[in-house]
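Asks: The structure file structure26.cif (mmCIF, C-alpha atoms) is provided below.
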```cif
data_my_file
loop_
_atom_site.label_atom_id
_atom_site.label_comp_id
_atom_site.auth_asym_id
_atom_site.auth_seq_id
_atom_site.Cartn_x
_atom_site.Cartn_y
_atom_site.Cartn_z
CA MET A 1 -6.02 -29.82 -24.11
CA PHE A 2 -9.08 -27.59 -23.81
CA LYS A 3 -11.27 -30.71 -23.83
CA TYR A 4 -9.83 -31.82 -20.49
CA LEU A 5 -10.42 -28.43 -18.92
CA ILE A 6 -14.19 -28.50 -19.60
CA PRO A 7 -15.13 -30.63 -16.54
CA LEU A 8 -13.01 -28.36 -14.36
CA ILE A 9 -14.70 -25.26 -15.76
CA VAL A 10 -18.15 -26.82 -15.28
CA PHE A 11 -17.19 -27.78 -11.72
CA PHE A 12 -16.12 -24.26 -10.78
CA GLY A 13 -19.19 -22.87 -12.50
CA LEU A 14 -21.34 -25.04 -10.24
CA VAL A 15 -19.31 -24.05 -7.17
CA ILE A 16 -19.92 -20.37 -7.93
CA LEU A 17 -23.62 -21.07 -8.50
CA PHE A 18 -23.92 -22.94 -5.20
CA ILE A 19 -22.05 -20.26 -3.24
CA PHE A 20 -24.43 -17.71 -4.77
CA GLY A 21 -27.38 -19.89 -3.79
CA LEU A 22 -26.16 -20.35 -0.23
CA ASN A 23 -25.77 -16.63 0.30
CA ASN A 24 -29.23 -15.87 -0.99
CA ASP A 25 -32.06 -16.14 1.49
CA PRO A 26 -35.19 -17.16 -0.43
CA ARG A 27 -37.33 -15.66 2.32
CA LEU A 28 -36.16 -12.20 1.36
CA VAL A 29 -38.55 -10.92 -1.24
CA PRO A 30 -37.32 -7.83 -3.06
CA SER A 31 -39.54 -4.86 -2.31
CA PRO A 32 -41.28 -3.37 -5.33
CA PHE A 33 -41.03 0.05 -3.63
CA ILE A 34 -37.26 0.52 -4.00
CA ASP A 35 -36.62 3.93 -5.63
CA LYS A 36 -40.32 4.67 -5.50
CA PRO A 37 -42.25 6.91 -3.12
CA LEU A 38 -43.75 5.24 -0.10
CA PRO A 39 -47.49 4.75 -0.70
CA GLN A 40 -49.77 7.33 0.85
CA PHE A 41 -51.30 6.51 4.20
CA ALA A 42 -52.87 8.27 7.13
CA LEU A 43 -52.74 6.66 10.54
CA PRO A 44 -53.40 7.70 14.12
CA VAL A 45 -50.40 8.42 16.31
CA LEU A 46 -49.91 5.76 18.98
CA GLY A 47 -51.49 6.94 22.19
CA GLN A 48 -53.09 9.97 20.54
CA PRO A 49 -55.97 8.61 18.46
CA GLU A 50 -57.12 12.06 17.35
CA ALA A 51 -53.73 12.97 15.84
CA ILE A 52 -53.34 11.67 12.30
CA ALA A 53 -49.97 11.39 10.61
CA GLY A 54 -48.86 10.16 7.21
CA VAL A 55 -46.05 10.07 4.69
CA GLU A 56 -45.90 13.89 4.60
CA ASP A 57 -44.85 13.98 8.25
CA PHE A 58 -41.47 12.50 7.67
CA LYS A 59 -40.46 14.27 4.50
CA GLY A 60 -37.62 16.77 4.65
CA GLU A 61 -35.12 14.52 6.37
CA VAL A 62 -33.70 11.05 5.92
CA SER A 63 -35.86 8.62 7.90
CA LEU A 64 -36.06 5.04 8.97
CA LEU A 65 -39.51 3.52 9.03
CA ASN A 66 -39.49 0.57 11.39
CA ILE A 67 -42.45 -1.80 11.50
CA TRP A 68 -42.75 -3.51 14.87
CA ALA A 69 -45.18 -5.15 17.27
CA THR A 70 -45.10 -6.30 20.88
CA TRP A 71 -46.09 -9.83 19.83
CA CYS A 72 -43.09 -10.00 17.53
CA ILE A 73 -40.21 -11.74 19.28
CA PRO A 74 -37.38 -10.65 16.94
CA CYS A 75 -38.54 -7.04 17.51
CA ARG A 76 -37.46 -7.37 21.12
CA GLN A 77 -34.05 -8.42 19.89
CA GLU A 78 -33.60 -5.43 17.58
CA HIS A 79 -35.16 -2.83 19.89
CA PRO A 80 -32.00 -2.01 21.91
CA LEU A 81 -30.16 -1.42 18.63
CA LEU A 82 -32.79 1.11 17.59
CA VAL A 83 -32.58 2.83 20.98
CA ASN A 84 -28.82 2.96 20.62
CA LEU A 85 -29.13 4.33 17.10
CA ALA A 86 -31.56 7.04 18.22
CA ASN A 87 -29.23 8.09 21.03
CA ASN A 88 -26.05 8.24 18.99
CA LYS A 89 -27.06 9.28 15.51
CA ASP A 90 -29.13 12.08 14.16
CA ILE A 91 -31.72 10.04 12.27
CA ASN A 92 -35.45 10.48 12.16
CA ILE A 93 -36.88 7.11 13.20
CA VAL A 94 -40.56 6.52 12.64
CA GLY A 95 -42.24 3.47 14.12
CA LEU A 96 -45.23 1.69 12.70
CA ASN A 97 -46.90 -0.39 15.35
CA TYR A 98 -48.38 -3.25 13.35
CA LYS A 99 -51.53 -5.16 14.39
CA ASP A 100 -50.92 -4.53 18.04
CA ASN A 101 -52.62 -3.62 21.26
CA GLU A 102 -52.08 0.10 21.97
CA ILE A 103 -51.75 -0.29 25.74
CA GLU A 104 -49.16 -3.02 25.40
CA ALA A 105 -47.31 -1.03 22.77
CA LEU A 106 -47.10 2.03 25.03
CA LYS A 107 -45.97 -0.16 27.91
CA TRP A 108 -43.26 -1.67 25.69
CA LEU A 109 -41.92 1.79 24.86
CA ASP A 110 -42.01 2.75 28.55
CA ASP A 111 -40.16 -0.38 29.61
CA LEU A 112 -37.63 -0.73 26.81
CA GLY A 113 -37.11 2.88 25.78
CA ASN A 114 -38.57 4.82 22.90
CA PRO A 115 -36.23 5.27 19.93
CA TYR A 116 -38.98 6.71 17.74
CA ASP A 117 -39.58 10.33 16.83
CA LEU A 118 -43.10 9.33 15.88
CA VAL A 119 -45.06 6.10 16.27
CA LEU A 120 -48.06 5.35 14.10
CA SER A 121 -50.62 2.75 14.95
CA ASP A 122 -51.84 0.31 12.30
CA VAL A 123 -54.23 -1.80 14.34
CA LYS A 124 -55.88 -3.59 11.42
CA GLY A 125 -52.73 -4.06 9.40
CA THR A 126 -54.17 -2.47 6.26
CA THR A 127 -51.29 0.01 5.91
CA GLY A 128 -48.98 -2.94 6.47
CA ILE A 129 -50.48 -4.55 3.37
CA ASP A 130 -50.11 -1.29 1.43
CA LEU A 131 -46.43 -1.22 2.38
CA GLY A 132 -45.95 -4.86 1.41
CA VAL A 133 -45.13 -5.92 4.96
CA TYR A 134 -44.91 -9.69 5.28
CA GLY A 135 -42.63 -10.33 8.21
CA VAL A 136 -42.23 -7.96 11.15
CA PRO A 137 -39.85 -6.39 11.92
CA GLU A 138 -39.16 -4.58 8.68
CA THR A 139 -37.21 -1.40 8.19
CA PHE A 140 -37.40 1.04 5.29
CA VAL A 141 -34.77 3.70 4.62
CA LEU A 142 -36.35 6.80 3.09
CA ASP A 143 -34.64 9.80 1.53
CA LYS A 144 -35.63 13.43 2.16
CA ASN A 145 -38.40 13.21 -0.41
CA GLY A 146 -39.94 10.08 1.05
CA ILE A 147 -38.48 7.79 -1.64
CA VAL A 148 -37.72 4.25 -0.46
CA LYS A 149 -34.00 3.59 -0.84
CA TYR A 150 -33.61 0.34 1.03
CA LYS A 151 -35.71 -2.19 2.86
CA HIS A 152 -34.58 -4.72 5.40
CA VAL A 153 -36.82 -7.63 6.35
CA GLY A 154 -36.24 -9.24 9.72
CA PRO A 155 -34.52 -7.96 12.83
CA LEU A 156 -31.75 -5.40 12.39
CA THR A 157 -28.34 -6.47 13.58
CA GLU A 158 -25.31 -4.39 14.43
CA GLU A 159 -23.67 -5.47 11.16
CA ILE A 160 -26.68 -4.51 9.08
CA ILE A 161 -26.93 -1.11 10.76
CA ASN A 162 -23.22 -0.33 10.49
CA ASP A 163 -22.45 -1.87 7.12
CA ILE A 164 -25.63 -1.18 5.17
CA ILE A 165 -28.07 1.22 6.79
CA LEU A 166 -25.71 3.92 8.09
CA PRO A 167 -23.69 4.25 4.85
CA ILE A 168 -26.96 4.67 2.92
CA VAL A 169 -28.20 7.25 5.45
CA GLU A 170 -24.92 9.18 5.26
CA GLU A 171 -25.00 9.18 1.49
CA LEU A 172 -28.61 10.39 1.47
CA ASN A 173 -27.82 13.13 3.98
CA GLN A 174 -25.29 14.59 1.59
CA ILE A 175 -27.77 15.00 -1.23
CA MET B 1 -57.82 -51.88 6.28
CA LYS B 2 -58.40 -49.45 9.09
CA LEU B 3 -54.77 -48.41 8.87
CA ILE B 4 -55.11 -47.69 5.17
CA ALA B 5 -58.22 -45.64 5.81
CA LEU B 6 -56.35 -43.70 8.47
CA LEU B 7 -53.44 -43.04 6.14
CA PHE B 8 -55.80 -41.85 3.46
CA SER B 9 -57.48 -39.52 5.88
CA PHE B 10 -54.09 -37.89 6.52
CA ILE B 11 -53.59 -37.37 2.81
CA PHE B 12 -56.89 -35.60 2.49
CA LEU B 13 -56.41 -33.60 5.66
CA SER B 14 -53.59 -31.65 4.08
CA SER B 15 -55.76 -30.47 1.21
CA VAL B 16 -58.40 -28.97 3.44
CA TYR B 17 -58.46 -25.23 2.96
CA ALA B 18 -57.08 -23.13 5.76
CA VAL B 19 -59.90 -20.58 5.52
CA ASP B 20 -60.99 -20.21 9.10
CA ILE B 21 -63.63 -17.56 8.52
CA PRO B 22 -66.25 -18.84 6.10
CA MET B 23 -66.25 -16.63 3.06
CA GLU B 24 -69.34 -17.18 1.02
CA PHE B 25 -70.43 -15.23 -1.99
CA GLU B 26 -73.99 -15.04 -3.17
CA GLU B 27 -72.94 -15.36 -6.77
CA PRO B 28 -71.19 -18.63 -7.72
CA GLU B 29 -69.04 -16.85 -10.35
CA LYS B 30 -67.51 -14.68 -7.65
CA GLN B 31 -66.93 -17.72 -5.47
CA GLU B 32 -65.13 -19.38 -8.34
CA GLN B 33 -63.07 -16.28 -9.13
CA TYR B 34 -62.12 -16.01 -5.45
CA GLN B 35 -60.98 -19.65 -5.29
CA ILE B 36 -58.95 -19.30 -8.51
CA LEU B 37 -57.25 -16.16 -7.20
CA LEU B 38 -56.34 -17.78 -3.90
CA GLU B 39 -54.78 -20.72 -5.71
CA GLU B 40 -52.70 -18.44 -7.95
CA LEU B 41 -51.40 -16.17 -5.20
CA ARG B 42 -48.51 -17.13 -3.01
CA CYS B 43 -48.37 -16.62 0.72
CA LEU B 44 -45.26 -14.59 1.50
CA VAL B 45 -44.79 -15.99 4.97
CA CYS B 46 -44.82 -19.68 4.15
CA GLN B 47 -43.61 -19.44 0.63
CA ASN B 48 -44.53 -22.82 -0.69
CA GLN B 49 -48.19 -22.43 0.05
CA SER B 50 -50.83 -20.53 -1.82
CA LEU B 51 -53.04 -18.01 -0.08
CA ALA B 52 -55.73 -20.68 -0.04
CA ASP B 53 -53.56 -23.18 1.84
CA SER B 54 -51.75 -20.92 4.25
CA ASN B 55 -52.62 -20.51 7.89
CA ALA B 56 -50.39 -17.48 8.35
CA ASP B 57 -51.91 -14.37 9.83
CA LEU B 58 -50.91 -12.33 6.81
CA ALA B 59 -52.50 -14.86 4.47
CA GLN B 60 -55.74 -14.47 6.39
CA ASP B 61 -55.56 -10.67 6.01
CA LEU B 62 -54.85 -10.99 2.32
CA ARG B 63 -57.73 -13.43 1.88
CA ILE B 64 -60.06 -10.88 3.45
CA GLN B 65 -58.64 -8.22 1.14
CA VAL B 66 -59.12 -10.42 -1.93
CA PHE B 67 -62.60 -11.37 -0.72
CA ASN B 68 -63.60 -7.72 -0.39
CA MET B 69 -62.23 -6.85 -3.79
CA VAL B 70 -64.04 -9.75 -5.45
CA GLU B 71 -67.21 -8.82 -3.61
CA GLU B 72 -66.89 -5.27 -4.96
CA GLY B 73 -66.80 -6.80 -8.43
CA GLN B 74 -63.17 -5.98 -9.22
CA GLU B 75 -61.61 -7.66 -12.24
CA LYS B 76 -59.13 -10.49 -11.63
CA GLU B 77 -56.35 -8.46 -13.25
CA VAL B 78 -57.03 -5.48 -10.97
CA ILE B 79 -56.78 -7.66 -7.86
CA ILE B 80 -53.56 -9.29 -9.07
CA ASP B 81 -52.09 -5.86 -9.93
CA TYR B 82 -53.03 -4.66 -6.45
CA LEU B 83 -51.00 -7.42 -4.81
CA VAL B 84 -48.08 -7.25 -7.24
CA ALA B 85 -47.80 -3.49 -6.60
CA ARG B 86 -47.33 -4.25 -2.90
CA TYR B 87 -45.47 -7.53 -2.78
CA GLY B 88 -43.84 -7.77 -6.18
CA ASP B 89 -43.95 -10.54 -8.78
CA PHE B 90 -43.16 -13.03 -6.09
CA VAL B 91 -46.83 -13.32 -5.08
CA LEU B 92 -47.67 -14.84 -8.44
CA TYR B 93 -47.53 -18.61 -8.75
CA ASN B 94 -47.89 -18.06 -12.45
CA PRO B 95 -45.23 -15.44 -13.07
CA ARG B 96 -45.68 -12.85 -15.77
CA LEU B 97 -43.33 -12.52 -18.67
CA ASN B 98 -41.09 -9.51 -18.05
CA PRO B 99 -37.35 -8.78 -18.24
CA VAL B 100 -36.77 -10.31 -14.81
CA THR B 101 -38.65 -13.54 -15.52
CA VAL B 102 -37.43 -14.09 -19.10
CA LEU B 103 -34.78 -16.53 -17.90
CA LEU B 104 -37.34 -18.32 -15.75
CA TRP B 105 -39.65 -18.81 -18.71
CA PHE B 106 -37.15 -19.56 -21.46
CA GLY B 107 -34.15 -20.86 -19.51
CA PRO B 108 -35.30 -24.49 -19.65
CA PHE B 109 -35.79 -24.27 -23.42
CA LEU B 110 -32.35 -22.72 -23.86
CA LEU B 111 -30.91 -25.54 -21.78
CA LEU B 112 -32.77 -28.09 -23.93
CA ILE B 113 -31.48 -26.56 -27.16
CA PHE B 114 -27.96 -26.41 -25.77
CA SER B 115 -28.01 -30.03 -24.62
CA LEU B 116 -29.46 -31.20 -27.94
CA PHE B 117 -26.65 -29.34 -29.69
CA MET B 118 -24.04 -30.95 -27.43
CA ALA B 119 -25.60 -34.39 -27.90
CA TYR B 120 -25.58 -33.89 -31.68
CA ARG B 121 -21.91 -32.95 -31.62
CA LEU B 122 -21.04 -35.87 -29.39
CA ILE B 123 -22.86 -38.41 -31.58
CA ASN B 124 -21.33 -37.02 -34.77
CA ARG B 125 -17.84 -37.05 -33.40
CA SER B 126 -17.90 -40.76 -32.57
CA LYS B 127 -18.70 -41.74 -36.15
CA VAL B 128 -15.70 -43.08 -38.00
CA GLU B 129 -14.76 -40.78 -40.83
CA ASP B 130 -14.50 -42.17 -44.36
CA VAL B 131 -10.88 -42.48 -45.16
CA SER B 132 -9.88 -42.64 -48.77
CA ILE B 133 -6.72 -44.56 -49.39
CA THR B 134 -4.64 -45.05 -52.46
CA GLN B 135 -3.90 -48.46 -53.91
CA GLU B 136 -0.22 -48.24 -53.01
CA ASP B 137 -0.91 -47.30 -49.41
CA ARG B 138 -3.26 -50.19 -49.03
CA ALA B 139 -0.62 -52.56 -50.40
CA ARG B 140 1.92 -51.14 -47.94
CA ALA B 141 -0.48 -51.56 -45.05
CA VAL B 142 -1.09 -55.19 -45.96
CA GLU B 143 2.66 -55.71 -46.14
CA ILE B 144 3.27 -54.17 -42.69
CA LEU B 145 0.48 -56.19 -41.15
CA LYS B 146 1.89 -59.37 -42.59
CA ASN B 147 5.32 -58.59 -41.18
CA THR B 148 4.04 -57.88 -37.71
CA ASN B 149 1.99 -61.06 -37.75
CA ASN B 150 5.04 -63.05 -38.69
CA GLN B 151 7.07 -61.43 -35.92
CA GLU B 152 4.42 -62.21 -33.35
CA ASN B 153 4.28 -65.82 -34.51
CA ASN B 154 8.03 -66.10 -34.16
CA THR B 155 8.22 -64.85 -30.61
#
```
Output the file's structure in the form of structure tokens.
Replies:
Amino acid sequence: MFKYLIPLIVFFGLVILFIFGLNNDPRLVPSPFIDKPLPQFALPVLGQPEAIAGVEDFKGEVSLLNIWATWCIPCRQEHPLLVNLANNKDINIVGLNYKDNEIEALKWLDDLGNPYDLVLSDVKGTTGIDLGVYGVPETFVLDKNGIVKYKHVGPLTEEIINDIILPIVEELNQI
Amino acid sequence: MKLIALLFSFIFLSSVYAVDIPMEFEEPEKQEQYQILLEELRCLVCQNQSLADSNADLAQDLRIQVFNMVEEGQEKEVIIDYLVARYGDFVLYNPRLNPVTVLLWFGPFLLLIFSLFMAYRLINRSKVEDVSITQEDRARAVEILKNTNNQENNT
């Protein structure tokens, strides 16, 4: 009897494997920084080249670190969601303007709204490399000690914010 | 003939390196090390290309980074560690052996052993087993066969 069940078992095994494969996006590379401190960096604040900020500046509260650029089309798509998030939730949102033109970046924030508590400017993209950035926009969730808890690659969506990011932020706020 | 030449030129076009800024070392060993590194490192944007092949902006930045590190005389391992620390094992075309990649390295061998085992079982099963039979049983069998033959002949 068991002998006849084997093909059925193999079949369902394959189905499970394929469903798993379909739901996995190969473009998403797991970040090696999860549960590790964000690497040290020091960058000028956008629009204020003499002011330098770094990891230390957003310790003490749960933060989102959002990497964006004006040349990045999906960033335009996620920007209203960030503005909405900044208006409705008490989260420290730090922006990292990646390989961008400062004037255009400031204009973007003027036109579309500024959800960021602080925007850093990484003109050469070297900090981007240190953070393992490979596809803007990217968003890190950091706990109060600056430890990376989650990273999202690609534009944020309402589902991702509500179902993944906010629960993590709430959990981290309680610690 | 011209068509064939044209087709061939397309084949070779694809293997032209995407390095748009010439990166020349004075020492040939460094040049060689640089080329080897670029072949072994994966571009994260267009994942099926190495850093050497990729035209992506990030690949260009990483090439410059690798170039500078080679120029400074950094060891190959140091440069690879630098990139793995930032982008994870995924940047390696030649993945290291660690708990995550164990299945990747040994999975095919496990599969081979398993299929050999299954094949062995399957082949063995189809062999007819030796059946010992007593003299009386054999006589009975002959008798039965005779009877059935007779019946078939009659019908």
Asks: Nearest residue to chain A out of B:Leu51, B:Leu37, B:Leu83, B:Val70, using all atoms listed in the file?
Replies: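 Looking only at the distances to chain A, the closest residue turns out to be B:Leu83.
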Asks: Mind running chain B against chain A at 8 Å and telling me each contacting residue's nearest atom pair with the distance in Å (one decimal), counting only C-alpha atoms, chain and number ascending, as a Markdown table?
Replies:
```
| residue | atom | partner | partner_atom | distance |
| --- | --- | --- | --- | --- |
| B:Leu44 | CA | A:Tyr134 | CA | 6.2 |
| B:Val45 | CA | A:Tyr134 | CA | 6.3 |
| B:Gln47 | CA | A:Arg27 | CA | 7.5 |
| B:Leu58 | CA | A:Tyr134 | CA | 6.7 |
| B:Asp61 | CA | A:Gly125 | CA | 7.9 |
| B:Leu62 | CA | A:Ile129 | CA | 7.9 |
| B:Ala85 | CA | A:Pro32 | CA | 6.6 |
| B:Arg86 | CA | A:Gly132 | CA | 4.6 |
| B:Tyr87 | CA | A:Gly132 | CA | 5.0 |
| B:Gly88 | CA | A:Pro32 | CA | 5.2 |
| B:Phe90 | CA | A:Val29 | CA | 7.0 |
```
Asks: What is the CA of Asp25 (chain A)-CA of Cys46 (chain B) distance in Å, reported with one decimal?
Replies: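 Value for the CA of Asp25 (chain A)-CA of Cys46 (chain B) distance: 13.5 Å.
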Asks: CA of Asp117 (chain A) and CA of Lys59 (chain A) are how many Å apart?
Replies: 13.0 Å
Asks: Here's the selection I'm unsure about, the PyMOL selection byres ((chain A and resi 172) around 9); applied to the file above, which residues does it give, as an MDAnalysis selection string?
Replies: chainID A and resid 62 142:144 149 167:171 173:175
Asks: Can you list, as a ChimeraX atom specification, the residues that the PyMOL selection byres ((chain A and resi 49) around 12) selects here?
Replies: /A:42-48,50-53,102,119-123
Asks: One number please: CA of Gln31 (chain B) to CA of Asp89 (chain B), in Å, one decimal.
Replies: 24.3 Å
Asks: Could you list the residues chosen by the PyMOL selection byres ((chain B and resi 40) around 7) in this structure as a PyMOL selection string?
Replies: chain B and resi 36-39+41-42+50+92-94
